[in-house]
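File shown: data14.txt (compact mmCIF, C-alpha atoms and all ligand atoms).
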# COMPACT_ATOMS: atom_id res chain seq x y z
CA MET A 1 102.58 88.23 65.97
CA SER A 2 102.29 86.59 69.41
CA GLU A 3 98.82 86.11 70.86
CA ARG A 4 100.20 86.69 74.31
CA ILE A 5 100.02 90.13 75.83
CA SER A 6 103.41 91.79 76.27
CA LEU A 7 104.69 93.49 79.41
CA LEU A 8 104.50 96.81 77.58
CA GLN A 9 100.87 96.22 76.55
CA HIS A 10 99.98 95.06 80.07
CA LEU A 11 101.49 98.20 81.62
CA THR A 12 100.06 100.54 78.99
CA LEU A 13 96.53 99.15 79.42
CA ALA A 14 96.78 99.53 83.22
CA ALA A 15 98.03 103.11 82.82
CA ARG A 16 95.22 103.96 80.36
CA ALA A 17 92.66 102.56 82.78
CA GLY A 18 94.07 104.88 85.43
CA HIS A 19 95.44 102.04 87.56
CA LEU A 20 99.10 102.92 87.07
CA ASP A 21 101.08 106.14 87.06
CA PRO A 22 102.76 106.43 83.60
CA ALA A 23 106.02 107.33 85.37
CA LEU A 24 105.87 104.02 87.24
CA VAL A 25 105.25 102.25 83.93
CA THR A 26 108.49 103.75 82.61
CA VAL A 27 110.40 102.56 85.68
CA VAL A 28 109.13 98.99 85.30
CA GLN A 29 109.78 98.97 81.55
CA GLN A 30 113.36 99.99 82.25
CA ILE A 31 113.72 97.26 84.86
CA GLY A 32 112.59 94.89 82.10
CA ALA A 33 115.18 96.38 79.73
CA ALA A 34 117.99 95.93 82.29
CA SER A 35 116.85 92.35 82.99
CA ARG A 36 116.92 91.57 79.27
CA GLU A 37 120.45 92.95 79.06
CA ILE A 38 121.61 90.94 82.09
CA SER A 39 120.03 87.76 80.71
CA ALA A 40 122.02 88.20 77.48
CA ALA A 41 125.17 89.17 79.38
CA LEU A 42 125.06 85.94 81.41
CA THR A 43 125.13 83.89 78.21
CA ARG A 44 127.84 86.08 76.66
CA ALA A 45 129.97 85.81 79.80
CA ALA A 46 129.66 82.02 79.79
CA LEU A 47 130.71 81.93 76.14
CA ALA A 48 133.68 84.20 76.86
CA GLY A 49 134.67 82.23 79.97
CA VAL A 50 134.71 85.35 82.18
CA LEU A 51 132.52 84.26 85.05
CA GLY A 52 135.24 84.52 87.71
CA ALA A 53 135.46 86.80 90.74
CA VAL A 54 136.96 90.28 90.62
CA GLU A 55 139.02 91.80 93.39
CA THR A 56 136.42 94.17 94.78
CA SER A 57 134.03 93.70 97.64
CA ASN A 58 130.51 95.00 98.16
CA ALA A 59 129.07 96.92 101.11
CA SER A 60 128.65 93.69 103.09
CA GLY A 61 132.30 92.67 102.54
CA GLU A 62 131.55 89.83 100.13
CA THR A 63 133.54 89.22 96.96
CA GLN A 64 131.72 90.63 93.97
CA LYS A 65 131.55 88.67 90.78
CA LYS A 66 132.11 90.52 87.53
CA LEU A 67 128.47 89.98 86.71
CA ASP A 68 127.31 91.54 90.00
CA VAL A 69 129.04 94.72 88.90
CA LEU A 70 127.71 94.45 85.37
CA ALA A 71 124.14 93.84 86.58
CA ASN A 72 124.33 96.77 88.97
CA ASP A 73 125.61 99.05 86.18
CA ALA A 74 122.88 97.84 83.82
CA PHE A 75 120.20 98.89 86.31
CA LEU A 76 121.82 102.24 87.08
CA GLN A 77 122.05 103.07 83.39
CA ALA A 78 118.56 101.88 82.53
CA LEU A 79 116.96 103.79 85.40
CA SER A 80 118.99 107.00 85.36
CA TRP A 81 117.58 108.74 82.30
CA THR A 82 113.87 108.16 82.88
CA GLY A 83 113.23 111.26 84.99
CA ALA A 84 110.96 109.07 87.09
CA VAL A 85 113.59 107.77 89.53
CA ALA A 86 114.99 110.05 92.22
CA GLY A 87 117.41 107.53 93.69
CA ILE A 88 118.60 103.96 93.76
CA ALA A 89 119.81 101.78 96.64
CA SER A 90 121.54 98.54 95.81
CA GLU A 91 123.11 95.62 97.60
CA GLU A 92 126.19 96.43 95.52
CA LEU A 93 126.46 100.11 96.52
CA ASP A 94 127.72 101.47 99.83
CA GLY A 95 125.06 104.16 100.01
CA PRO A 96 122.14 105.61 98.06
CA TYR A 97 122.74 106.73 94.49
CA PRO A 98 120.93 110.02 93.82
CA VAL A 99 120.07 110.00 90.12
CA PRO A 100 121.85 113.06 88.69
CA GLY A 101 119.44 115.89 87.96
CA ALA A 102 116.37 113.77 88.62
CA THR A 103 113.46 114.87 90.71
CA GLY A 104 111.48 111.72 90.03
CA ASP A 105 108.75 110.36 92.23
CA TYR A 106 110.22 106.90 92.80
CA LEU A 107 113.04 105.12 94.59
CA VAL A 108 114.28 101.75 93.36
CA LEU A 109 116.00 99.20 95.62
CA LEU A 110 117.89 96.36 94.01
CA ASP A 111 119.60 93.06 94.48
CA PRO A 112 121.03 93.27 90.94
CA LEU A 113 122.22 89.68 90.92
CA ASP A 114 120.80 87.27 93.47
CA GLY A 115 122.43 83.90 93.97
CA SER A 116 125.70 85.05 92.44
CA SER A 117 127.64 82.13 93.94
CA ASN A 118 125.63 80.00 91.48
CA ILE A 119 126.87 81.78 88.35
CA ASP A 120 129.98 79.69 87.83
CA VAL A 121 127.97 76.47 87.99
CA ASN A 122 125.23 77.62 85.59
CA ILE A 123 122.37 77.42 88.08
CA SER A 124 119.54 79.97 88.01
CA VAL A 125 120.27 83.46 89.33
CA GLY A 126 118.10 86.56 89.29
CA SER A 127 117.50 90.25 89.95
CA ILE A 128 115.18 91.46 92.72
CA PHE A 129 113.58 94.94 92.78
CA SER A 130 111.47 97.03 95.09
CA ILE A 131 109.90 100.41 94.24
CA LEU A 132 108.98 103.04 96.82
CA ARG A 133 107.65 106.57 96.54
CA ALA A 134 110.30 109.25 96.96
CA ARG A 135 109.55 111.62 99.78
CA SER A 136 111.90 114.30 98.48
CA GLY A 137 113.74 114.95 95.23
CA ALA A 138 117.21 113.60 94.47
CA ALA A 139 118.86 116.62 96.08
CA GLY A 140 119.91 115.67 99.59
CA LEU A 141 118.76 112.08 99.21
CA THR A 142 119.92 110.02 102.20
CA ASP A 143 119.51 106.49 103.55
CA ALA A 144 116.52 107.76 105.56
CA ASP A 145 114.50 108.30 102.35
CA PHE A 146 114.73 104.57 101.65
CA LEU A 147 113.89 103.40 105.16
CA GLN A 148 110.23 102.67 104.50
CA PRO A 149 108.54 99.43 105.56
CA GLY A 150 107.67 96.74 103.01
CA THR A 151 104.00 97.73 103.20
CA ALA A 152 104.97 101.04 101.52
CA GLN A 153 106.16 99.33 98.33
CA VAL A 154 104.19 100.38 95.24
CA CYS A 155 105.65 97.60 93.12
CA ALA A 156 108.06 94.72 93.64
CA GLY A 157 109.21 91.67 91.81
CA PHE A 158 112.11 89.70 90.48
CA THR A 159 113.50 88.27 87.29
CA VAL A 160 114.84 84.74 87.34
CA TYR A 161 117.46 83.87 84.74
CA GLY A 162 116.81 80.14 84.48
CA PRO A 163 116.04 77.77 81.62
CA ALA A 164 113.71 80.65 80.71
CA THR A 165 114.06 84.26 81.82
CA VAL A 166 110.87 85.15 83.70
CA MET A 167 109.90 88.42 85.35
CA VAL A 168 107.46 88.15 88.26
CA LEU A 169 105.71 91.43 88.92
CA CYS A 170 103.29 92.80 91.50
CA PHE A 171 101.73 96.25 91.88
CA GLY A 172 99.72 95.26 94.93
CA HIS A 173 96.86 93.61 93.01
CA GLY A 174 97.81 90.10 91.99
CA VAL A 175 101.06 88.66 90.73
CA GLN A 176 101.88 88.11 87.06
CA GLY A 177 104.73 86.26 85.34
CA PHE A 178 106.22 87.41 82.00
CA THR A 179 108.58 85.18 80.03
CA LEU A 180 111.27 86.72 77.85
CA ASP A 181 110.88 85.71 74.20
CA PRO A 182 114.51 85.57 73.06
CA VAL A 183 113.49 86.11 69.43
CA SER A 184 111.39 89.26 69.79
CA GLY A 185 113.12 90.44 72.98
CA GLU A 186 109.71 91.01 74.56
CA PHE A 187 108.47 89.85 77.95
CA LEU A 188 105.15 88.04 77.35
CA LEU A 189 102.47 87.29 79.93
CA THR A 190 102.71 83.56 80.63
CA GLN A 191 101.42 83.32 84.21
CA ALA A 192 98.40 85.45 85.05
CA ASP A 193 97.30 85.80 88.68
CA ILE A 194 99.83 83.48 90.27
CA ARG A 195 98.50 81.87 93.48
CA ILE A 196 100.65 79.87 95.88
CA PRO A 197 98.97 76.61 96.90
CA GLU A 198 98.11 76.93 100.61
CA ARG A 199 99.08 73.37 101.44
CA THR A 200 102.47 72.01 100.57
CA SER A 201 104.87 69.21 101.41
CA GLU A 202 108.11 70.78 100.24
CA TYR A 203 110.58 72.83 102.23
CA ALA A 204 113.73 74.75 101.33
CA ILE A 205 116.46 75.43 103.89
CA ASN A 206 120.25 75.21 103.94
CA ALA A 207 120.46 72.12 106.16
CA SER A 208 124.21 72.52 106.67
CA ASN A 209 123.32 75.26 109.20
CA GLN A 210 121.23 72.87 111.30
CA ARG A 211 123.39 72.95 114.43
CA TRP A 212 122.91 76.73 114.68
CA TRP A 213 119.12 76.78 114.20
CA GLN A 214 116.89 77.86 117.05
CA PRO A 215 114.40 75.39 118.68
CA PRO A 216 111.28 76.38 116.65
CA VAL A 217 113.06 75.72 113.33
CA GLN A 218 114.70 72.55 114.69
CA ARG A 219 111.24 71.31 115.65
CA TYR A 220 109.61 72.19 112.31
CA ILE A 221 112.31 70.55 110.18
CA ALA A 222 112.54 67.47 112.43
CA GLU A 223 108.78 67.00 112.01
CA CYS A 224 109.02 67.40 108.21
CA MET A 225 111.82 64.82 108.13
CA ALA A 226 109.83 62.40 110.29
CA GLY A 227 107.28 62.42 107.46
CA LYS A 228 104.28 60.15 107.71
CA ASP A 229 105.74 58.48 110.81
CA GLY A 230 105.79 61.82 112.68
CA PRO A 231 103.21 64.36 113.88
CA ARG A 232 102.71 65.85 110.38
CA GLY A 233 101.46 62.50 109.11
CA ARG A 234 102.79 62.95 105.59
CA ASP A 235 106.13 62.83 103.78
CA PHE A 236 107.94 66.05 102.83
CA ASN A 237 110.41 66.74 100.05
CA MET A 238 113.37 69.11 100.29
CA ARG A 239 114.95 71.45 97.71
CA TRP A 240 117.64 74.14 98.05
CA VAL A 241 118.69 75.96 94.89
CA GLY A 242 120.95 78.42 96.72
CA SER A 243 119.44 81.34 94.79
CA MET A 244 116.47 82.84 96.60
CA VAL A 245 114.88 83.73 93.26
CA GLY A 246 115.03 80.11 92.12
CA ASP A 247 113.60 78.75 95.36
CA VAL A 248 110.87 81.41 95.43
CA TYR A 249 109.91 80.88 91.79
CA ARG A 250 109.45 77.20 92.58
CA LEU A 251 107.16 77.89 95.54
CA LEU A 252 105.12 80.37 93.48
CA THR A 253 104.66 77.58 90.96
CA ARG A 254 103.95 74.52 93.08
CA GLY A 255 103.89 75.71 96.69
CA GLY A 256 106.44 75.24 99.42
CA ILE A 257 108.15 77.01 102.28
CA PHE A 258 111.50 78.83 102.07
CA MET A 259 113.52 79.59 105.18
CA TYR A 260 116.73 81.42 105.94
CA PRO A 261 116.03 81.69 109.66
CA ARG A 262 117.89 83.51 112.37
CA ASP A 263 120.57 81.22 113.76
CA THR A 264 123.46 81.36 116.21
CA LYS A 265 126.22 80.94 113.62
CA ASP A 266 127.12 84.63 113.77
CA ALA A 267 125.51 86.47 116.67
CA SER A 268 126.03 89.81 114.90
CA LYS A 269 123.73 88.81 112.02
CA PRO A 270 119.98 88.45 112.63
CA GLY A 271 119.67 86.38 109.45
CA LYS A 272 121.54 86.28 106.15
CA LEU A 273 119.16 87.89 103.69
CA ARG A 274 118.69 91.63 103.25
CA LEU A 275 115.43 93.21 104.33
CA MET A 276 115.32 95.97 101.71
CA TYR A 277 116.67 94.11 98.66
CA GLU A 278 115.42 90.56 99.22
CA ALA A 279 112.94 90.00 102.07
CA ASN A 280 110.63 92.97 101.44
CA PRO A 281 110.20 92.63 97.66
CA ILE A 282 109.90 88.84 97.80
CA GLY A 283 107.61 89.05 100.86
CA TYR A 284 105.37 91.50 98.98
CA VAL A 285 105.09 89.17 95.96
CA VAL A 286 104.49 86.12 98.15
CA GLU A 287 101.75 87.81 100.21
CA HIS A 288 99.98 89.08 97.10
CA ALA A 289 100.09 85.55 95.69
CA GLY A 290 98.23 84.31 98.79
CA GLY A 291 101.24 83.24 100.83
CA ALA A 292 102.82 84.61 104.01
CA ALA A 293 106.21 86.09 104.95
CA SER A 294 107.51 86.31 108.50
CA THR A 295 110.70 86.37 110.55
CA GLY A 296 109.08 83.81 112.83
CA TYR A 297 108.18 86.59 115.24
CA GLU A 298 106.77 89.34 113.01
CA ARG A 299 105.42 89.99 109.54
CA ILE A 300 108.36 90.98 107.32
CA LEU A 301 106.48 93.82 105.57
CA ASP A 302 105.76 95.50 108.93
CA ILE A 303 109.40 95.76 110.04
CA PRO A 304 110.47 99.41 110.45
CA PRO A 305 113.84 99.40 108.64
CA GLU A 306 116.87 100.83 110.44
CA LYS A 307 119.56 100.44 107.77
CA VAL A 308 119.43 99.91 104.01
CA HIS A 309 121.76 96.91 104.22
CA GLN A 310 119.89 95.41 107.20
CA ARG A 311 119.67 91.62 107.41
CA VAL A 312 116.65 89.71 108.60
CA ALA A 313 115.39 86.18 109.19
CA VAL A 314 113.11 84.98 106.38
CA ILE A 315 110.35 82.36 106.50
CA LEU A 316 107.96 82.55 103.55
CA GLY A 317 105.73 80.66 101.18
CA SER A 318 102.57 78.59 101.54
CA LYS A 319 100.43 80.08 104.28
CA GLU A 320 99.67 76.91 106.24
CA GLU A 321 103.33 76.04 106.63
CA VAL A 322 104.47 79.59 107.49
CA ASP A 323 101.69 79.76 110.09
CA THR A 324 102.93 76.48 111.56
CA VAL A 325 106.51 77.77 111.89
CA VAL A 326 105.26 81.06 113.39
CA ALA A 327 103.16 79.09 115.91
CA TYR A 328 106.30 77.14 116.93
CA HIS A 329 108.15 80.46 117.47
CA ARG A 330 105.29 81.68 119.68
CA ALA A 331 105.39 78.44 121.65
CA GLY A 332 109.15 79.08 122.23
O1 LIG B 401 124.87 79.85 100.36
P1 LIG B 401 123.73 79.84 101.35
O2 LIG B 401 124.18 80.13 102.75
O3 LIG B 401 122.89 78.61 101.24
O4 LIG B 401 122.82 81.10 100.98
C1 LIG B 401 121.99 81.11 99.87
C2 LIG B 401 121.24 82.38 99.85
O5 LIG B 401 122.15 83.46 99.64
C3 LIG B 401 121.78 84.22 98.54
O6 LIG B 401 122.51 83.76 97.44
C4 LIG B 401 122.09 85.66 98.82
O7 LIG B 401 121.98 86.46 97.69
P2 LIG B 401 123.22 87.22 96.95
O8 LIG B 401 123.83 86.29 95.97
O9 LIG B 401 122.51 88.36 96.33
O10 LIG B 401 124.17 87.65 98.04
C5 LIG B 401 120.29 83.89 98.33
O11 LIG B 401 119.90 84.07 97.01
C6 LIG B 401 120.23 82.44 98.75
O12 LIG B 401 118.96 82.04 99.20
MG MG B 402 120.53 88.08 96.99
MG MG B 403 123.17 89.90 95.06
Using the file provided, produce a representation of the structure as structure tokens.
Amino acid sequence: MSERISLLQHLTLAARAGHLDPALVTVVQQIGAASREISAALTRAALAGVLGAVETSNASGETQKKLDVLANDAFLQALSWTGAVAGIASEELDGPYPVPGATGDYLVLLDPLDGSSNIDVNISVGSIFSILRARSGAAGLTDADFLQPGTAQVCAGFTVYGPATVMVLCFGHGVQGFTLDPVSGEFLLTQADIRIPERTSEYAINASNQRWWQPPVQRYIAECMAGKDGPRGRDFNMRWVGSMVGDVYRLLTRGGIFMYPRDTKDASKPGKLRLMYEANPIGYVVEHAGGAASTGYERILDIPPEKVHQRVAVILGSKEEVDTVVAYHRAG
């Protein structure tokens, strides 16, 4: 038997101590079950050579991969029978999914497969989740029920399907990482109380968008690239996985700043990433690990959401660096 505490034990102990609602424990356990299924499905799909695109598009008009659909279905199935979930909103669904017959206390928001353009090339992808309290039962559930700010989340996290499958979880008191043991099928606590180093010399941004960046981001990146010859006085490294979960897992591990800033590439989009499925849950985890999450102008978790599929600029990670970028936005 493993000496490490399992996700189930961790949740059960917290529930027994009165720190967690048992219904919320069930929801998180089922998110773990869906993640385990998706992790296995990714390997099976690679073996079967069926990683290609299908001819459907999601609510944002992007081509869905087969595995996006599969991951979405895995979450809907895993969460539908618990009685604890009133409704689900997903990047892959046009509108909210009221769980049939459920009057549960929770709403779950999902990016079922993050970084899906990386699937074909066998680079880490993940699932991102956010849990809110339901204001009403499933009957009559509308978008408005989900439009709660990031500060209202009761739990958030993500699972990264990388060399190891790891679930990063936060209930508002610390951040824990659980690694999937492929033999027992259990998630085991491998990273207790994750803290993001405050100081870092590593940044993540898609540099091919440089000509569309706004002046504060141009300034920050130019100074990082100037290294020890510039005003920062030290050399910086750059990484861009292309899956937010992969880039964020790295900065939780060794520090760093991740940016998908607002740019002028498409004036209709105030950023690429989704507030409810990506920025809020990841921002919540990052803040509780000692980091910061901002659009450059405001704290992400304070944004009053207007639409479930809303996009937003994202600047998050080590506090010192995020504060620097925010200061450059204030300076104009
Ligand atoms: O391809 P780009 O423009 O660098 O964008 C990469 C970003 O897009 C995303 O893949 C968007 O997520 P989805 O795959 O869920 O749409 C992020 O994970 C990632 O940070
Ligand atoms: Mg995503
Ligand atoms: Mg996705």
Using 7 Å as the limit and counting all atoms listed in the file, can you tabulate each residue of chain A that touches ligand MG 402 (chain B), with its shortest atom-to-atom distance in Å and the two atoms involved, as JSON lines?
{"residue": "A:Asp111", "atom": "CA", "partner": "B:MG402", "partner_atom": "MG", "distance": 5.7}
{"residue": "A:Leu113", "atom": "CA", "partner": "B:MG402", "partner_atom": "MG", "distance": 6.5}
{"residue": "A:Asp114", "atom": "CA", "partner": "B:MG402", "partner_atom": "MG", "distance": 3.6}
{"residue": "A:Gly115", "atom": "CA", "partner": "B:MG402", "partner_atom": "MG", "distance": 5.5}
{"residue": "A:Met244", "atom": "CA", "partner": "B:MG402", "partner_atom": "MG", "distance": 6.6}
{"residue": "A:Leu273", "atom": "CA", "partner": "B:MG402", "partner_atom": "MG", "distance": 6.8}
{"residue": "A:Glu278", "atom": "CA", "partner": "B:MG402", "partner_atom": "MG", "distance": 6.1}
Within-8 Å residues of ligand LIG 401 (chain B), basis only C-alpha atoms and all ligand atoms, as a PyMOL selection string: chain A and resi 62+91+111-118+125+205-206+240-247+260+272-273+278
Could you please give me, as an mmCIF file with C-alpha atoms, in the coordinates of the input, the residues of protein, DNA or RNA lying at most 6 Å from (115.8, 111.2, 93.4) in the coordinate frame of the file, considering all atoms listed in the file?
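part-v8.cif written:
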data_model
loop_
_atom_site.group_PDB
_atom_site.id
_atom_site.type_symbol
_atom_site.label_atom_id
_atom_site.label_comp_id
_atom_site.auth_asym_id
_atom_site.auth_seq_id
_atom_site.Cartn_x
_atom_site.Cartn_y
_atom_site.Cartn_z
ATOM 1 C CA VAL A 85 113.590 107.770 89.530
ATOM 2 C CA ALA A 86 114.990 110.050 92.220
ATOM 3 C CA GLY A 87 117.410 107.530 93.690
ATOM 4 C CA PRO A 98 120.930 110.020 93.820
ATOM 5 C CA VAL A 99 120.070 110.000 90.120
ATOM 6 C CA ALA A 102 116.370 113.770 88.620
ATOM 7 C CA THR A 103 113.460 114.870 90.710
ATOM 8 C CA GLY A 104 111.480 111.720 90.030
ATOM 9 C CA GLY A 137 113.740 114.950 95.230
ATOM 10 C CA ALA A 138 117.210 113.600 94.470
#
Nearest-residue call for A:Arg254, choices A:Trp213, A:Phe129, A:Phe146, A:Tyr203, using only C-alpha atoms: A:Tyr203
Atom-to-atom span, atom CA of A:Leu316 and atom CA of A:Val285, Å: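 Computing the Euclidean distance for atom CA of A:Leu316 and atom CA of A:Val285 yields 10.5 Å.
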Nearest to A:Val308 by atom-to-atom distance, counting only C-alpha atoms, from A:Leu251, A:Ala289, A:Leu188, A:Leu275: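 Distance minimum relative to A:Val308 lands on A:Leu275.
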Applying 6 Å and all atoms listed in the file, which residues near A:Val168 remain after dropping the ones on its own chain fewer than 5 positions away? List them as a PDB file with C-alpha atoms, keeping the file's coordinate frame.
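Full text of selection.pdb as output:
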ATOM      1  CA  GLY A 157     109.210  91.670  91.810  1.00  0.00           C
ATOM      2  CA  PHE A 158     112.110  89.700  90.480  1.00  0.00           C
ATOM      3  CA  GLN A 176     101.880  88.110  87.060  1.00  0.00           C
ATOM      4  CA  GLY A 177     104.730  86.260  85.340  1.00  0.00           C
TER       5      GLY A 177
END
Atom CA of A:Arg311 to atom CA of A:Lys265, distance in Å rounded to a single decimal: 14.0 Å
Within 10 Å of A:Ala327 using only C-alpha atoms, minus same-chain residues under 6 positions, as a PyMOL selection string: chain A and resi 216+296-297+321
Residue with smallest distance to A:Asp73 - pool A:Pro261, A:Met167, A:Ile38, A:Lys228, counting only C-alpha atoms: A:Ile38
Residue among A:Gln77, A:Thr82, A:Asn209, A:Ser39 lying closest to A:Ser127, counting only C-alpha atoms: A:Ser39
Subset file: stretch 224-244 of chain A, N, CA and C atoms, as a PDB file, in the first residue's frame:
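And here's result-v6.pdb as it stands now:
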ATOM      1  N   CYS A 224      12.770  42.240 -20.709  1.00  0.00           N
ATOM      2  CA  CYS A 224      13.193  40.859 -20.395  1.00  0.00           C
ATOM      3  C   CYS A 224      14.251  40.424 -21.412  1.00  0.00           C
ATOM      4  N   MET A 225      14.004  40.743 -22.691  1.00  0.00           N
ATOM      5  CA  MET A 225      14.935  40.302 -23.742  1.00  0.00           C
ATOM      6  C   MET A 225      16.271  41.035 -23.668  1.00  0.00           C
ATOM      7  N   ALA A 226      16.244  42.250 -23.146  1.00  0.00           N
ATOM      8  CA  ALA A 226      17.512  42.996 -22.990  1.00  0.00           C
ATOM      9  C   ALA A 226      18.383  42.365 -21.903  1.00  0.00           C
ATOM     10  N   GLY A 227      17.767  41.587 -21.031  1.00  0.00           N
ATOM     11  CA  GLY A 227      18.511  40.820 -20.032  1.00  0.00           C
ATOM     12  C   GLY A 227      19.395  41.662 -19.137  1.00  0.00           C
ATOM     13  N   LYS A 228      20.590  41.163 -18.880  1.00  0.00           N
ATOM     14  CA  LYS A 228      21.444  41.872 -17.916  1.00  0.00           C
ATOM     15  C   LYS A 228      22.002  43.175 -18.486  1.00  0.00           C
ATOM     16  N   ASP A 229      21.850  43.382 -19.774  1.00  0.00           N
ATOM     17  CA  ASP A 229      22.286  44.657 -20.375  1.00  0.00           C
ATOM     18  C   ASP A 229      21.185  45.722 -20.302  1.00  0.00           C
ATOM     19  N   GLY A 230      19.968  45.327 -19.888  1.00  0.00           N
ATOM     20  CA  GLY A 230      18.851  46.268 -19.846  1.00  0.00           C
ATOM     21  C   GLY A 230      18.499  46.674 -18.434  1.00  0.00           C
ATOM     22  N   PRO A 231      17.335  47.343 -18.270  1.00  0.00           N
ATOM     23  CA  PRO A 231      16.954  47.862 -16.948  1.00  0.00           C
ATOM     24  C   PRO A 231      16.677  46.780 -15.905  1.00  0.00           C
ATOM     25  N   ARG A 232      16.350  45.550 -16.330  1.00  0.00           N
ATOM     26  CA  ARG A 232      16.082  44.482 -15.359  1.00  0.00           C
ATOM     27  C   ARG A 232      17.368  43.933 -14.749  1.00  0.00           C
ATOM     28  N   GLY A 233      18.469  44.106 -15.436  1.00  0.00           N
ATOM     29  CA  GLY A 233      19.769  43.726 -14.879  1.00  0.00           C
ATOM     30  C   GLY A 233      20.000  42.234 -14.712  1.00  0.00           C
ATOM     31  N   ARG A 234      19.165  41.420 -15.330  1.00  0.00           N
ATOM     32  CA  ARG A 234      19.407  39.977 -15.290  1.00  0.00           C
ATOM     33  C   ARG A 234      18.805  39.325 -16.543  1.00  0.00           C
ATOM     34  N   ASP A 235      19.342  38.161 -16.902  1.00  0.00           N
ATOM     35  CA  ASP A 235      18.861  37.476 -18.102  1.00  0.00           C
ATOM     36  C   ASP A 235      17.569  36.719 -17.804  1.00  0.00           C
ATOM     37  N   PHE A 236      16.676  36.684 -18.793  1.00  0.00           N
ATOM     38  CA  PHE A 236      15.415  35.950 -18.693  1.00  0.00           C
ATOM     39  C   PHE A 236      15.404  34.800 -19.695  1.00  0.00           C
ATOM     40  N   ASN A 237      14.647  33.780 -19.356  1.00  0.00           N
ATOM     41  CA  ASN A 237      14.434  32.645 -20.254  1.00  0.00           C
ATOM     42  C   ASN A 237      12.991  32.698 -20.753  1.00  0.00           C
ATOM     43  N   MET A 238      12.716  32.094 -21.892  1.00  0.00           N
ATOM     44  CA  MET A 238      11.348  32.073 -22.410  1.00  0.00           C
ATOM     45  C   MET A 238      10.885  30.650 -22.699  1.00  0.00           C
ATOM     46  N   ARG A 239       9.617  30.356 -22.391  1.00  0.00           N
ATOM     47  CA  ARG A 239       9.002  29.070 -22.706  1.00  0.00           C
ATOM     48  C   ARG A 239       7.583  29.326 -23.178  1.00  0.00           C
ATOM     49  N   TRP A 240       7.084  28.562 -24.122  1.00  0.00           N
ATOM     50  CA  TRP A 240       5.682  28.641 -24.534  1.00  0.00           C
ATOM     51  C   TRP A 240       5.239  27.253 -24.961  1.00  0.00           C
ATOM     52  N   VAL A 241       4.485  26.580 -24.071  1.00  0.00           N
ATOM     53  CA  VAL A 241       4.038  25.219 -24.374  1.00  0.00           C
ATOM     54  C   VAL A 241       2.920  25.264 -25.415  1.00  0.00           C
ATOM     55  N   GLY A 242       2.034  26.291 -25.273  1.00  0.00           N
ATOM     56  CA  GLY A 242       0.864  26.339 -26.159  1.00  0.00           C
ATOM     57  C   GLY A 242      -0.339  25.650 -25.552  1.00  0.00           C
ATOM     58  N   SER A 243      -0.179  25.102 -24.352  1.00  0.00           N
ATOM     59  CA  SER A 243      -1.301  24.632 -23.527  1.00  0.00           C
ATOM     60  C   SER A 243      -1.187  25.428 -22.237  1.00  0.00           C
ATOM     61  N   MET A 244      -2.232  26.174 -21.904  1.00  0.00           N
ATOM     62  CA  MET A 244      -2.164  26.979 -20.683  1.00  0.00           C
ATOM     63  C   MET A 244      -1.842  26.096 -19.470  1.00  0.00           C
TER      64      MET A 244
END
